[in-house]
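J.: My structure is below; once you've seen it, I'll send some questions.
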Amino acid sequence: MATAKQPMTTDTLQALTANRLIDGLVVYLTETGEWSTRVDDAALVPAETGEIVLAATGEQAVSTNHVVAPYLIDVETGGGEVNPTRFRERIRAFGPTVNTSV
Amino acid sequence: MYQYDTYDKTLVDQRARQYRDQAERRVEGDLTEDEFRPLRLMNGLYQELHSYMMRINIPYGTLSSAQLRKLAHVARTYDRGYGHFTTRQNIQFNWVTLEQSPDILAELAGVEMHAIQSSGNCIRNVTADAFAGAAADEIEDSRIWAEIIRQWSTLHPEFAFLPRKFKIAVTGSPNDRAAIRVHDIGVALHLNAEGETGFEVVVGGGQGRTPMIAKTIREFLPARHLLSYLEAILRVYNQFGRRDNKYKARIKILVHEIGAQPFAEAVEKEWEQIKDSALLLPEDEVARITSFFAPPQLEKLGPTAPAFDAKRLTDRAFAAWAKANVVAHKAPGYGIVTISLKAPERAPGDATHTQMDAIADLADHFSQGEIRVTHEQNLVLPHVKLTHLFGLWQALAHHELATANAGLATDIVSCPGLDFCSLASARSIPVAQRIGRQLSDIERLHDIGELRIKISGCVNACGHHHVGHIGILGVEKKGEEFYQITLGGDPGTDAAIGNIIGPAFAGDRVAGAVENLIDTYLAQRSTNAERFIDTYRRIGAQPFKENLYATA
Ligand code: SF4
């Protein structure tokens with residue numbers, strides 16, 4: 001079975017994710033305050049500061065109707081790649097793991 | 001097929017326009033998500049893991065070729081080129097945008113389709129035997145009654161906010177292909193000694209986290225009383241069903257807690273009040289609905305078709321397909337064809353836009369322009385001449401649609417699971433694909449015979465794992481995907497909920513476990529004709545369990 005990428009290191013950081021209002025796609029808040037569909041673009045902050053640093057921007061994006069239901073996720077970095085820690089979040093970031101081409 | 005009257009048409013058109021306005025207001029920011037969510041759900045639009053998903057009703061699983069072509073068009077224009085047929089005989093599009101969702105509903109309204117009541121605590125799309133109107137064993141076309149129920153339950157003001165969602169299924173045949181005993185209400189057509197039609201009414205079945213088999217609360221209900229009786233059941237449920245706890249809110253819990261007999265008495269009491277009300281079905285109304293389901297004009301043919309028999313003798317692949325995927329039609333010289341949506345490496349139930357277009361054309365050519373959706377996530381051409389089967393098979397093969405596995409071990413039912421569904425605990429589709437790979441030898445597959453494998457990605461059981469001969473349930477354990485296996489489930493006439501066989505398996509060990517169960521079956525079956533489920537019933541779980549965990 002194709003598996004989602006496994007995390008490689010253990011420094012736990014946080015990123016802010018949501019779904020974009022217009023098309024429902026998974027997005028991540030970037031350093032410049034944009035929303036990207038690539039988890040690699042996500043702004044990463046130490047786990048303990050996620051709530052303070054990122055959450056407010058998420059609320060702002062909800063109030064301007066750009067994204068829906070933002071929340072923080074734990075990610076790990078390694079080999080220059082960002083990997084969500086939870087399995088479900090890895091599927092959100094890299095899935096579907098099944099072929100969806102027609 | 002049923003055709004909308006002006007009432008239906010106005011209702012669906014109005015709803016599509018109303019939704020467009022709501023979606024536009026959401027995009028412009030005039031509605032918040034909290035305000036909009038219930039509105040989009042009322043129109044079948046869910047936020048799933050990767051995008052919006054739209055669920056569209058296919059009443060009792062019946063489609064015209066024009067409707068299927070429209071679904072192909074929607075897949076091509078508004079999605080990523082494919083759609084997913086579900087265990088509730090509906091279709092879901094996985095990659096819909098909020099902006100385009102009103103266009104989809106407008107397009108669908110043009111072919112008399114919609115997404116009303118495809119979500120929420122209301123009466124959902126009514127399901128029925130996918131072979132209705134064609135099956136050799138049926139008493140009457142169950143879609144007539146499903147359509148009567150559809151009209152009654154659509155926007156029924158009293159039942160818009162039930163304690164929980166509510167599902168009704170109808171069978172017109174003694175061989176239940178509509179899984180009525182795992183529905184909130186199931187009705188089965190019977191003839192009484194006087195030759196009148198009526199219904200056995202069963203209540204309180206369901207799957208999910210508390211699976212239950214429905215209990216019979218009335219052996220024979222004269223057909224004209226169908227709606228008043230259903231209304232009485234819904235009223236009792238609406239009044240006494242638990243609203244305090246989502247997990248105890250389905251009617252099955254109520255029936256279980258108070259007992260089937262007291263529940264039946266409460267229904268009968270309520271029914272006494274309303275049985276002769278406006279809900280009594282007038283004969284002319286039944287006749288009017290029946291006329292929409294008039295049997296197709298089929299040729300008078302003999303029961304045998306020498307050309308078909310000759311082809312079967314000379315082409316093994318065709319013979320294998322005809323054996324698995326074609327069953328007897330009530331009209332001599334015709335067959336009912338199951339088009340398997342379970343080709344190797346495909347997601348169970350998925351069809352691409354080109355496949356949908358091709359099937360629509362083949363339905364026009366070979367099957368009176370009619371298509372059915374089964375709760376096993378396949379499509380059906382209900383009225384095909386036996387002499388046309390070879391040509392049809394060749395055309396299907398051209399579109400990767402001639403997999404000879406209907407009812408066999410690779411005809412796996414699978415919900416979307418964690419690859420798409422935001423409620424999932426684990427993935428389903430890759431498990432199905434792995435089992436499919438393992439069982440790819442067609443000779444062996446046919447030797448194994450009927451075996452229903454069903455997979456759900458969480459306890460909600462959309463993949464009907466509780467009624468799989470082998471059921472597979474995805475669970476999350478310490479952040480990893482694990483799969484619990486159940487044996488002995490059955491959705492049909494001998495409905496049963498499967499039993500958990502033992503500790504769960506890691507994702508990469510599930511296909512091996514299934515293989516092991518099959519080996520036990522093959523070693524234990526009394527004859528080649530004894531099906532997996534029959535062997536299980538005869539010898540019980542122990543021999544399966546011993547072999548399965550022997551090396552663990
Ligand atoms: S069973 Fe669970 S994972 Fe599968 S579709 Fe239903 S809710 Fe989603």
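Each chain in the structure tokens gets a letter, A, B, ..., in the order shown, and its residues are numbered from 1; ligands are numbered from 1 in order too.
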With only C-alpha atoms considered, list every residue of chain A at most 10 Å from chain B, as a VMD selection string.

T.: chain A and resid 1 to 3 19 to 27 62 to 69 85 to 89 91 to 102

J.: Suppose we keep C-alpha atoms; can you now write the selection as a PDB file, in the first residue's frame?

T.:
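Output file part-v3.pdb follows:
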```pdb
ATOM      1  CA  MET A   1       0.000   0.000   0.000  1.00  0.00           C
ATOM      2  CA  ALA A   2       1.358   3.431  -0.840  1.00  0.00           C
ATOM      3  CA  THR A   3       2.138   5.135   2.414  1.00  0.00           C
ATOM      4  CA  ASN A  19      -9.460  24.671   3.993  1.00  0.00           C
ATOM      5  CA  ARG A  20      -9.802  27.421   1.437  1.00  0.00           C
ATOM      6  CA  LEU A  21     -13.334  28.734   1.229  1.00  0.00           C
ATOM      7  CA  ILE A  22     -13.631  28.917  -2.517  1.00  0.00           C
ATOM      8  CA  ASP A  23     -12.585  25.378  -3.400  1.00  0.00           C
ATOM      9  CA  GLY A  24     -12.171  23.606  -0.068  1.00  0.00           C
ATOM     10  CA  LEU A  25      -8.530  22.744  -0.790  1.00  0.00           C
ATOM     11  CA  VAL A  26      -6.099  22.181   2.073  1.00  0.00           C
ATOM     12  CA  VAL A  27      -3.984  25.292   2.683  1.00  0.00           C
ATOM     13  CA  VAL A  62     -11.813  33.393   8.701  1.00  0.00           C
ATOM     14  CA  SER A  63     -13.343  36.798   9.252  1.00  0.00           C
ATOM     15  CA  THR A  64     -12.385  37.876   5.734  1.00  0.00           C
ATOM     16  CA  ASN A  65     -13.875  34.612   4.438  1.00  0.00           C
ATOM     17  CA  HIS A  66     -10.702  33.382   2.889  1.00  0.00           C
ATOM     18  CA  VAL A  67     -10.414  30.104   4.766  1.00  0.00           C
ATOM     19  CA  VAL A  68     -12.594  27.881   6.925  1.00  0.00           C
ATOM     20  CA  ALA A  69     -11.852  26.220  10.270  1.00  0.00           C
ATOM     21  CA  THR A  85       3.259  14.413  12.549  1.00  0.00           C
ATOM     22  CA  ARG A  86      -0.216  12.929  12.576  1.00  0.00           C
ATOM     23  CA  PHE A  87      -1.058  10.353   9.967  1.00  0.00           C
ATOM     24  CA  ARG A  88      -4.306  12.102   9.059  1.00  0.00           C
ATOM     25  CA  GLU A  89      -2.451  15.343   8.452  1.00  0.00           C
ATOM     26  CA  ILE A  91      -2.823  12.339   4.099  1.00  0.00           C
ATOM     27  CA  ARG A  92      -4.239  15.866   4.032  1.00  0.00           C
ATOM     28  CA  ALA A  93      -0.868  17.225   2.965  1.00  0.00           C
ATOM     29  CA  PHE A  94       0.213  14.587   0.458  1.00  0.00           C
ATOM     30  CA  GLY A  95      -2.874  12.479  -0.314  1.00  0.00           C
ATOM     31  CA  PRO A  96      -5.016  11.026  -1.657  1.00  0.00           C
ATOM     32  CA  THR A  97      -2.635   8.078  -1.672  1.00  0.00           C
ATOM     33  CA  VAL A  98      -4.617   6.389  -4.434  1.00  0.00           C
ATOM     34  CA  ASN A  99      -4.456   7.237  -8.089  1.00  0.00           C
ATOM     35  CA  THR A 100      -7.006   9.903  -8.903  1.00  0.00           C
ATOM     36  CA  SER A 101      -6.152  10.412 -12.556  1.00  0.00           C
ATOM     37  CA  VAL A 102      -8.755   9.290 -15.079  1.00  0.00           C
TER      38      VAL A 102
END
```

J.: DSSP on the backbone: which residues in range 181-285 of chain B end up as helix (DSSP H, G or I)? Give the answer as a VMD selection string.

T.: chain B and resid 181 to 182 223 to 240 246 to 248 251 to 258 260 to 274 283 to 285

J.: Could you list the protein, DNA and RNA residues that have any atom within 9 Å of ligand 1, counting only C-alpha atoms and all ligand atoms, and write them as a PyMOL selection string?

T.: chain B and resi 208+414-428+455-465+473-474

J.: Give me the residues within 10 Å of range 320-328 of chain B as a ChimeraX atom specification, counting only C-alpha atoms and dropping any in the same chain fewer than 6 places off.

T.: /B:131,134-137,308,312,334-340,380-382,384,386,389-390,393,402-408,442-443,446,449-450

J.: In terms of the shortest atom-to-atom distance over only C-alpha atoms, which of A:Leu44, A:Leu72, A:Ala18, A:Ile52 is closest to Thr30 in chain A?

T.: A:Leu44

J.: Separation of CA of Ser65 in chain B and CA of Phe292 in chain B, in Å?

T.: 16.1 Å
